[in-house]
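Next comes target_15.pdb, with PDB, C-alpha atoms, pLDDT in the B column.
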```
ATOM      1  CA  MET E   1     -11.737  -0.102   6.440  1.00 56.00           C
ATOM      2  CA  ARG E   2      -8.625   1.654   5.331  1.00 63.00           C
ATOM      3  CA  LEU E   3      -8.810   4.908   3.453  1.00 73.00           C
ATOM      4  CA  THR E   4      -6.075   4.709   0.837  1.00 84.00           C
ATOM      5  CA  THR E   5      -3.650   7.397  -0.271  1.00 89.00           C
ATOM      6  CA  LYS E   6      -6.059   8.429  -3.018  1.00 93.00           C
ATOM      7  CA  GLY E   7      -8.789   9.400  -0.568  1.00 93.00           C
ATOM      8  CA  ARG E   8      -6.420  10.982   1.938  1.00 94.00           C
ATOM      9  CA  TYR E   9      -4.625  13.042  -0.715  1.00 97.00           C
ATOM     10  CA  ALA E  10      -7.903  14.132  -2.302  1.00 97.00           C
ATOM     11  CA  VAL E  11      -9.211  15.433   1.032  1.00 97.00           C
ATOM     12  CA  THR E  12      -5.879  17.105   1.848  1.00 97.00           C
ATOM     13  CA  ALA E  13      -5.691  18.777  -1.567  1.00 98.00           C
ATOM     14  CA  MET E  14      -9.295  19.954  -1.365  1.00 98.00           C
ATOM     15  CA  LEU E  15      -8.737  21.417   2.107  1.00 98.00           C
ATOM     16  CA  ASP E  16      -5.635  23.211   0.827  1.00 97.00           C
ATOM     17  CA  LEU E  17      -7.642  24.504  -2.114  1.00 97.00           C
ATOM     18  CA  ALA E  18     -10.493  25.624   0.144  1.00 97.00           C
ATOM     19  CA  HIS E  19      -8.057  27.503   2.364  1.00 95.00           C
ATOM     20  CA  HIS E  20      -6.058  29.180  -0.407  1.00 94.00           C
ATOM     21  CA  SER E  21      -8.633  29.809  -3.141  1.00 89.00           C
ATOM     22  CA  GLN E  22     -10.743  32.273  -1.194  1.00 85.00           C
ATOM     23  CA  LYS E  23      -9.098  35.172  -3.064  1.00 86.00           C
ATOM     24  CA  THR E  24      -7.505  33.733  -6.196  1.00 91.00           C
ATOM     25  CA  PRO E  25      -7.422  30.394  -8.028  1.00 95.00           C
ATOM     26  CA  VAL E  26      -4.793  27.915  -6.838  1.00 95.00           C
ATOM     27  CA  THR E  27      -2.470  25.946  -9.101  1.00 95.00           C
ATOM     28  CA  LEU E  28      -1.809  22.259  -8.631  1.00 96.00           C
ATOM     29  CA  THR E  29       1.902  23.096  -8.386  1.00 94.00           C
ATOM     30  CA  GLU E  30       1.182  25.226  -5.319  1.00 93.00           C
ATOM     31  CA  ILE E  31      -0.843  22.442  -3.699  1.00 96.00           C
ATOM     32  CA  ALA E  32       1.792  19.845  -4.610  1.00 95.00           C
ATOM     33  CA  THR E  33       4.520  21.979  -3.061  1.00 93.00           C
ATOM     34  CA  ARG E  34       2.666  22.754   0.161  1.00 94.00           C
ATOM     35  CA  GLN E  35       1.342  19.228   0.684  1.00 96.00           C
ATOM     36  CA  THR E  36       4.308  17.282  -0.745  1.00 94.00           C
ATOM     37  CA  ILE E  37       2.066  15.376  -3.140  1.00 96.00           C
ATOM     38  CA  SER E  38       3.263  14.427  -6.617  1.00 96.00           C
ATOM     39  CA  LEU E  39       2.017  16.861  -9.252  1.00 96.00           C
ATOM     40  CA  SER E  40       1.138  14.046 -11.649  1.00 96.00           C
ATOM     41  CA  TYR E  41      -0.867  12.314  -8.907  1.00 97.00           C
ATOM     42  CA  LEU E  42      -2.721  15.562  -8.167  1.00 97.00           C
ATOM     43  CA  GLU E  43      -3.512  15.945 -11.870  1.00 97.00           C
ATOM     44  CA  GLN E  44      -5.153  12.517 -11.837  1.00 96.00           C
ATOM     45  CA  LEU E  45      -7.109  13.321  -8.666  1.00 97.00           C
ATOM     46  CA  PHE E  46      -8.251  16.708  -9.953  1.00 98.00           C
ATOM     47  CA  ALA E  47      -9.486  15.150 -13.191  1.00 97.00           C
ATOM     48  CA  LYS E  48     -11.803  13.038 -11.022  1.00 97.00           C
ATOM     49  CA  LEU E  49     -12.690  15.964  -8.758  1.00 98.00           C
ATOM     50  CA  ARG E  50     -13.548  18.067 -11.827  1.00 97.00           C
ATOM     51  CA  LYS E  51     -15.690  15.260 -13.215  1.00 96.00           C
ATOM     52  CA  GLY E  52     -17.373  14.960  -9.804  1.00 96.00           C
ATOM     53  CA  LYS E  53     -18.116  18.710  -9.914  1.00 96.00           C
ATOM     54  CA  MET E  54     -16.043  19.404  -6.793  1.00 97.00           C
ATOM     55  CA  VAL E  55     -13.721  21.913  -8.502  1.00 98.00           C
ATOM     56  CA  THR E  56     -13.688  24.190 -11.529  1.00 96.00           C
ATOM     57  CA  GLY E  57     -10.672  25.172 -13.558  1.00 94.00           C
ATOM     58  CA  VAL E  58      -9.794  28.786 -14.293  1.00 93.00           C
ATOM     59  CA  ARG E  59      -7.793  29.281 -17.494  1.00 92.00           C
ATOM     60  CA  GLY E  60      -5.235  31.884 -18.375  1.00 88.00           C
ATOM     61  CA  PRO E  61      -2.669  33.868 -16.416  1.00 86.00           C
ATOM     62  CA  GLY E  62      -3.476  33.664 -12.739  1.00 83.00           C
ATOM     63  CA  GLY E  63      -5.499  30.551 -13.430  1.00 89.00           C
ATOM     64  CA  GLY E  64      -5.768  27.405 -11.411  1.00 94.00           C
ATOM     65  CA  TYR E  65      -8.603  25.791  -9.516  1.00 97.00           C
ATOM     66  CA  ARG E  66     -11.452  26.925  -7.300  1.00 96.00           C
ATOM     67  CA  LEU E  67     -14.054  25.001  -5.378  1.00 97.00           C
ATOM     68  CA  SER E  68     -17.170  24.537  -7.477  1.00 97.00           C
ATOM     69  CA  ARG E  69     -19.404  25.478  -4.535  1.00 96.00           C
ATOM     70  CA  LEU E  70     -19.084  26.826  -1.012  1.00 97.00           C
ATOM     71  CA  ALA E  71     -16.779  24.859   1.291  1.00 97.00           C
ATOM     72  CA  LYS E  72     -19.721  24.383   3.691  1.00 98.00           C
ATOM     73  CA  LYS E  73     -21.576  22.544   0.902  1.00 98.00           C
ATOM     74  CA  ILE E  74     -18.812  19.982   0.191  1.00 98.00           C
ATOM     75  CA  SER E  75     -18.701  17.044   2.583  1.00 97.00           C
ATOM     76  CA  ILE E  76     -15.634  14.890   3.052  1.00 97.00           C
ATOM     77  CA  ALA E  77     -17.734  11.933   1.850  1.00 95.00           C
ATOM     78  CA  ASP E  78     -18.427  13.869  -1.399  1.00 96.00           C
ATOM     79  CA  ILE E  79     -14.690  14.195  -2.002  1.00 97.00           C
ATOM     80  CA  VAL E  80     -13.963  10.552  -1.239  1.00 95.00           C
ATOM     81  CA  ASP E  81     -16.810   9.486  -3.529  1.00 94.00           C
ATOM     82  CA  ALA E  82     -15.582  11.773  -6.333  1.00 96.00           C
ATOM     83  CA  VAL E  83     -12.223   9.977  -6.481  1.00 95.00           C
ATOM     84  CA  ASN E  84     -13.940   6.569  -6.397  1.00 87.00           C
ATOM     85  CA  GLU E  85     -12.614   5.647  -2.986  1.00 84.00           C
ATOM     86  CA  PRO E  86     -14.765   2.985  -1.320  1.00 82.00           C
ATOM     87  CA  LEU E  87     -15.961   3.602   2.239  1.00 82.00           C
ATOM     88  CA  ASP E  88     -16.634  -0.052   2.887  1.00 83.00           C
ATOM     89  CA  SER E  89     -15.156  -1.998   5.798  1.00 85.00           C
ATOM     90  CA  THR E  90     -16.322  -5.422   4.662  1.00 85.00           C
ATOM     91  CA  LYS E  91     -13.960  -7.954   3.141  1.00 83.00           C
ATOM     92  CA  CYS E  92     -16.436  -8.590   0.331  1.00 86.00           C
ATOM     93  CA  GLY E  93     -17.070  -4.981  -0.683  1.00 82.00           C
ATOM     94  CA  GLY E  94     -20.659  -5.224   0.568  1.00 82.00           C
ATOM     95  CA  LYS E  95     -21.576  -8.098  -1.789  1.00 88.00           C
ATOM     96  CA  GLU E  96     -22.337 -10.491   1.084  1.00 89.00           C
ATOM     97  CA  ASN E  97     -20.178 -13.214  -0.445  1.00 91.00           C
ATOM     98  CA  CYS E  98     -17.363 -13.110   2.113  1.00 86.00           C
ATOM     99  CA  GLN E  99     -17.387 -16.821   2.911  1.00 86.00           C
ATOM    100  CA  ASP E 100     -18.374 -19.487   0.403  1.00 88.00           C
ATOM    101  CA  SER E 101     -20.610 -17.012  -1.475  1.00 90.00           C
ATOM    102  CA  GLN E 102     -22.428 -16.168   1.773  1.00 89.00           C
ATOM    103  CA  PRO E 103     -21.997 -13.426   4.397  1.00 89.00           C
ATOM    104  CA  CYS E 104     -19.289 -14.184   6.950  1.00 91.00           C
ATOM    105  CA  LEU E 105     -19.790 -14.263  10.696  1.00 92.00           C
ATOM    106  CA  THR E 106     -18.805 -10.602  11.137  1.00 92.00           C
ATOM    107  CA  HIS E 107     -20.346  -9.198   7.942  1.00 92.00           C
ATOM    108  CA  GLU E 108     -23.007  -7.182   9.773  1.00 93.00           C
ATOM    109  CA  LEU E 109     -20.423  -5.761  12.177  1.00 94.00           C
ATOM    110  CA  TRP E 110     -18.279  -4.403   9.313  1.00 92.00           C
ATOM    111  CA  THR E 111     -21.346  -3.207   7.421  1.00 92.00           C
ATOM    112  CA  GLY E 112     -22.399  -1.229  10.494  1.00 94.00           C
ATOM    113  CA  LEU E 113     -18.924   0.281  10.775  1.00 93.00           C
ATOM    114  CA  SER E 114     -19.061   1.289   7.108  1.00 91.00           C
ATOM    115  CA  HIS E 115     -22.359   3.083   7.714  1.00 93.00           C
ATOM    116  CA  GLN E 116     -20.920   4.884  10.760  1.00 95.00           C
ATOM    117  CA  ILE E 117     -17.861   6.040   8.805  1.00 92.00           C
ATOM    118  CA  ARG E 118     -19.997   7.272   5.906  1.00 93.00           C
ATOM    119  CA  HIS E 119     -22.347   9.100   8.276  1.00 96.00           C
ATOM    120  CA  TYR E 120     -19.383  10.737  10.040  1.00 96.00           C
ATOM    121  CA  LEU E 121     -17.761  11.909   6.783  1.00 96.00           C
ATOM    122  CA  GLU E 122     -21.093  13.085   5.342  1.00 97.00           C
ATOM    123  CA  ASN E 123     -21.509  15.350   8.344  1.00 98.00           C
ATOM    124  CA  ILE E 124     -18.138  17.083   8.102  1.00 98.00           C
ATOM    125  CA  SER E 125     -17.670  19.722   5.410  1.00 98.00           C
ATOM    126  CA  LEU E 126     -14.577  21.471   4.140  1.00 97.00           C
ATOM    127  CA  GLY E 127     -16.044  24.582   5.738  1.00 97.00           C
ATOM    128  CA  ASP E 128     -16.155  22.832   9.119  1.00 97.00           C
ATOM    129  CA  LEU E 129     -12.494  21.921   8.798  1.00 97.00           C
ATOM    130  CA  LEU E 130     -11.531  25.456   7.725  1.00 95.00           C
ATOM    131  CA  GLU E 131     -12.969  26.740  11.016  1.00 95.00           C
ATOM    132  CA  LYS E 132     -10.658  24.543  13.087  1.00 94.00           C
ATOM    133  CA  GLU E 133      -7.770  26.433  14.657  1.00 93.00           C
ATOM    134  CA  HIS E 134      -5.207  23.690  13.977  1.00 92.00           C
ATOM    135  CA  VAL E 135      -6.046  23.733  10.249  1.00 93.00           C
ATOM    136  CA  SER E 136      -5.277  27.455  10.075  1.00 90.00           C
ATOM    137  CA  SER E 137      -2.054  27.099  12.056  1.00 91.00           C
ATOM    138  CA  VAL E 138      -0.810  24.203   9.915  1.00 93.00           C
ATOM    139  CA  ALA E 139      -1.688  26.118   6.720  1.00 90.00           C
ATOM    140  CA  GLN E 140       0.226  29.166   8.008  1.00 90.00           C
ATOM    141  CA  ARG E 141       3.242  27.016   8.858  1.00 91.00           C
ATOM    142  CA  GLN E 142       3.201  25.481   5.375  1.00 91.00           C
ATOM    143  CA  ASP E 143       2.899  28.918   3.747  1.00 88.00           C
ATOM    144  CA  GLN E 144       5.847  30.238   5.768  1.00 88.00           C
ATOM    145  CA  LYS E 145       7.973  27.233   4.852  1.00 83.00           C
ATOM    146  CA  ILE E 146       7.230  27.683   1.144  1.00 82.00           C
ATOM    147  CA  GLU E 147       7.875  31.439   1.326  1.00 82.00           C
ATOM    148  CA  THR E 148      11.206  30.816   3.041  1.00 80.00           C
ATOM    149  CA  GLN E 149      12.196  28.280   0.381  1.00 75.00           C
ATOM    150  CA  PHE E 150      11.250  30.607  -2.479  1.00 68.00           C
ATOM    151  CA  SER E 151      12.939  33.665  -0.962  1.00 68.00           C
ATOM    152  CA  GLY E 152      16.136  31.616  -0.534  1.00 57.00           C
ATOM    153  CA  PHE E 153      15.852  30.482  -4.148  1.00 49.00           C
ATOM    154  CA  ARG E 154      15.405  34.088  -5.328  1.00 49.00           C
ATOM    155  CA  ARG E 155      18.496  35.180  -3.357  1.00 50.00           C
ATOM    156  CA  GLU E 156      20.600  32.348  -4.833  1.00 50.00           C
ATOM    157  CA  LYS E 157      19.411  33.189  -8.331  1.00 45.00           C
ATOM    158  CA  SER E 158      20.166  36.928  -7.972  1.00 45.00           C
ATOM    159  CA  ALA E 159      23.647  36.134  -6.587  1.00 48.00           C
ATOM    160  CA  VAL E 160      24.412  34.115  -9.743  1.00 48.00           C
ATOM    161  CA  VAL E 161      23.414  36.964 -12.066  1.00 49.00           C
TER     162      VAL E 161
END
```
Re-express the file's structure as structure tokens.
Amino acid sequence: MRLTTKGRYAVTAMLDLAHHSQKTPVTLTEIATRQTISLSYLEQLFAKLRKGKMVTGVRGPGGGYRLSRLAKKISIADIVDAVNEPLDSTKCGGKENCQDSQPCLTHELWTGLSHQIRHYLENISLGDLLEKEHVSSVAQRQDQKIETQFSGFRREKSAVV
């Protein structure tokens, strides 16, 4: 089983949102900048996350996105499911037609792995990840990098005026 970019980016963006939206809504531009994810790709992912009731949009000045429920109540499996990312390790997508319309020799092995992965991701919430020290330190590093970039941009712009 290989989690594709869609699933990885969705989880990364949701963790960024969970970390930064505790006080104010977060824009997709902010997430895109911090996580180096294409804004247009994030827009597509957040359309699915909104439809999956993972996030809610806040309109107007100071708007953006918030989690639709507490971070502790959103599992990583919920996020992956919301963006239609399969958590299946079988070659046949679980249809049991891997070899001549029948299960292959290792079908049960890969089915068992798929169940283990799902169970693991169902039992980890965004809230659990927010409590991890390395998540906080990485988020702080990203925030400092962005702040440094923007303060340099503001200095360049004021020097031109």
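Evaluated against the shown file, the PyMOL selection byres ((chain E and resi 92-94) around 10) gives Pro86, Leu87, Asp88, Ser89, Thr90, Lys91, Lys95, Glu96, Asn97, Cys98, Gln99, Ser101, Gln102, Pro103, Cys104, His107, Glu108, Trp110, Thr111 and Ser114 of chain E.
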To verify the selection step, state as JSON, numbers by chain which residues the PyMOL selection byres ((chain E and resi 22) around 12) yields on this input.
-> {"E": [15, 16, 17, 18, 19, 20, 21, 23, 24, 25, 26, 65, 66, 67, 68, 69, 70, 71, 127, 130]}
What is the atom CA of E:Leu126-atom CA of E:Gln149 distance in Å, reported with one decimal?
-> 27.9 Å
Between E:Asn123, E:Gln35, E:Ser136, E:Gln116, which one has atoms that come closest to E:Met14, using only C-alpha atoms?
->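 Ranking E:Asn123, E:Gln35, E:Ser136, E:Gln116 by distance to E:Met14, first place goes to E:Gln35.
Atom pair atom CA of E:Gly62 / atom CA of E:Lys132: separated by 28.3 Å.
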Can you tell me how far atom CA of E:Thr4 sits from atom CA of E:Asp100, in Å to one decimal?
-> 27.1 Å
E:Thr29, E:Ser125, E:Thr36, E:Gln44: which is nearest E:Lys73, counting only C-alpha atoms?
->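 Result for the nearest residue to E:Lys73: E:Ser125.
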Hey, what comes out of the PyMOL selection byres ((chain E and resi 47) around 12) on this file? Could you write it as JSON, numbers by chain?
-> {"E": [10, 28, 40, 41, 42, 43, 44, 45, 46, 48, 49, 50, 51, 52, 53, 54, 55, 56, 57, 65, 82, 83, 84]}
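Minimum atom-to-atom distance to E:His119, evaluated using only C-alpha atoms, belongs to E:Ile76 out of E:Ile37, E:Ile76, E:Ala13, E:Ala32.
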Residue nearest E:Ala77 among E:Arg8, E:Arg34, E:Arg118, E:Arg59 (counting all atoms listed in the file) =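 The closest residue to E:Ala77 is E:Arg118.
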Check the smallest atom-to-atom distance from each of E:Glu30, E:Glu85, E:Gly64, E:Leu109 to E:Tyr9 using all atoms listed in the file, then report the winner.
->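 Among the listed residues, the smallest separation from E:Tyr9 belongs to E:Glu85.
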Since the input lacks some atoms of stretch 75-111 of chain E, please model N, CA and C atoms and print them as a compact mmCIF listing (two decimals), in the coordinates of the input.
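And here is the file that came out, result-v7.txt:
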```
# COMPACT_ATOMS: atom_id res chain seq x y z
N SER E 75 -19.03 17.94 1.47
CA SER E 75 -18.70 17.04 2.58
C SER E 75 -17.45 16.23 2.24
N ILE E 76 -16.81 15.73 3.26
CA ILE E 76 -15.63 14.89 3.05
C ILE E 76 -16.05 13.62 2.30
N ALA E 77 -17.23 13.11 2.58
CA ALA E 77 -17.73 11.93 1.85
C ALA E 77 -17.89 12.24 0.36
N ASP E 78 -18.32 13.47 0.01
CA ASP E 78 -18.43 13.87 -1.40
C ASP E 78 -17.07 13.76 -2.10
N ILE E 79 -16.04 14.22 -1.41
CA ILE E 79 -14.69 14.20 -2.00
C ILE E 79 -14.23 12.76 -2.20
N VAL E 80 -14.39 11.95 -1.17
CA VAL E 80 -13.96 10.55 -1.24
C VAL E 80 -14.72 9.83 -2.35
N ASP E 81 -16.01 10.09 -2.46
CA ASP E 81 -16.81 9.49 -3.53
C ASP E 81 -16.34 9.94 -4.92
N ALA E 82 -15.99 11.23 -5.03
CA ALA E 82 -15.58 11.77 -6.33
C ALA E 82 -14.33 11.10 -6.88
N VAL E 83 -13.45 10.64 -6.01
CA VAL E 83 -12.22 9.98 -6.48
C VAL E 83 -12.36 8.45 -6.45
N ASN E 84 -13.61 8.00 -6.35
CA ASN E 84 -13.94 6.57 -6.40
C ASN E 84 -13.25 5.75 -5.31
N GLU E 85 -13.21 6.33 -4.13
CA GLU E 85 -12.61 5.65 -2.99
C GLU E 85 -13.74 4.97 -2.21
N PRO E 86 -13.69 3.65 -2.05
CA PRO E 86 -14.76 2.98 -1.32
C PRO E 86 -14.70 3.27 0.18
N LEU E 87 -15.86 3.44 0.79
CA LEU E 87 -15.96 3.60 2.24
C LEU E 87 -16.61 2.35 2.81
N ASP E 88 -16.05 1.22 2.50
CA ASP E 88 -16.63 -0.05 2.89
C ASP E 88 -15.62 -0.84 3.71
N SER E 89 -16.04 -1.27 4.89
CA SER E 89 -15.16 -2.00 5.80
C SER E 89 -15.24 -3.51 5.63
N THR E 90 -16.16 -3.98 4.81
CA THR E 90 -16.32 -5.42 4.66
C THR E 90 -15.24 -5.99 3.76
N LYS E 91 -14.94 -7.25 3.96
CA LYS E 91 -13.96 -7.95 3.14
C LYS E 91 -14.50 -8.17 1.72
N CYS E 92 -15.81 -8.24 1.61
CA CYS E 92 -16.44 -8.59 0.33
C CYS E 92 -16.88 -7.38 -0.49
N GLY E 93 -16.62 -6.17 0.03
CA GLY E 93 -17.07 -4.98 -0.68
C GLY E 93 -18.58 -4.81 -0.64
N GLY E 94 -19.22 -5.37 0.39
CA GLY E 94 -20.66 -5.22 0.57
C GLY E 94 -21.49 -6.21 -0.24
N LYS E 95 -20.85 -7.15 -0.92
CA LYS E 95 -21.58 -8.10 -1.79
C LYS E 95 -22.15 -9.30 -1.04
N GLU E 96 -21.84 -9.40 0.24
CA GLU E 96 -22.34 -10.49 1.08
C GLU E 96 -21.89 -11.87 0.61
N ASN E 97 -20.71 -11.93 0.01
CA ASN E 97 -20.18 -13.21 -0.44
C ASN E 97 -18.81 -13.48 0.19
N CYS E 98 -18.66 -13.05 1.43
CA CYS E 98 -17.36 -13.11 2.11
C CYS E 98 -16.87 -14.53 2.38
N GLN E 99 -17.78 -15.46 2.56
CA GLN E 99 -17.39 -16.82 2.91
C GLN E 99 -18.26 -17.81 2.15
N ASP E 100 -17.65 -18.50 1.22
CA ASP E 100 -18.37 -19.49 0.40
C ASP E 100 -19.64 -18.90 -0.22
N SER E 101 -19.51 -17.72 -0.81
CA SER E 101 -20.61 -17.01 -1.48
C SER E 101 -21.75 -16.61 -0.54
N GLN E 102 -21.46 -16.55 0.75
CA GLN E 102 -22.43 -16.17 1.77
C GLN E 102 -21.78 -15.12 2.69
N PRO E 103 -22.60 -14.37 3.44
CA PRO E 103 -22.00 -13.43 4.40
C PRO E 103 -21.20 -14.18 5.47
N CYS E 104 -20.09 -13.58 5.89
CA CYS E 104 -19.29 -14.18 6.95
C CYS E 104 -19.89 -13.86 8.32
N LEU E 105 -19.30 -14.41 9.33
CA LEU E 105 -19.79 -14.26 10.70
C LEU E 105 -19.83 -12.80 11.14
N THR E 106 -18.89 -12.00 10.69
CA THR E 106 -18.80 -10.60 11.14
C THR E 106 -19.26 -9.60 10.07
N HIS E 107 -19.93 -10.08 9.04
CA HIS E 107 -20.35 -9.20 7.94
C HIS E 107 -21.18 -8.01 8.43
N GLU E 108 -22.14 -8.25 9.28
CA GLU E 108 -23.01 -7.18 9.77
C GLU E 108 -22.23 -6.17 10.62
N LEU E 109 -21.25 -6.66 11.38
CA LEU E 109 -20.42 -5.76 12.18
C LEU E 109 -19.70 -4.77 11.27
N TRP E 110 -19.05 -5.27 10.22
CA TRP E 110 -18.28 -4.40 9.31
C TRP E 110 -19.20 -3.53 8.46
N THR E 111 -20.38 -4.03 8.15
CA THR E 111 -21.35 -3.21 7.42
C THR E 111 -21.79 -2.03 8.29
```
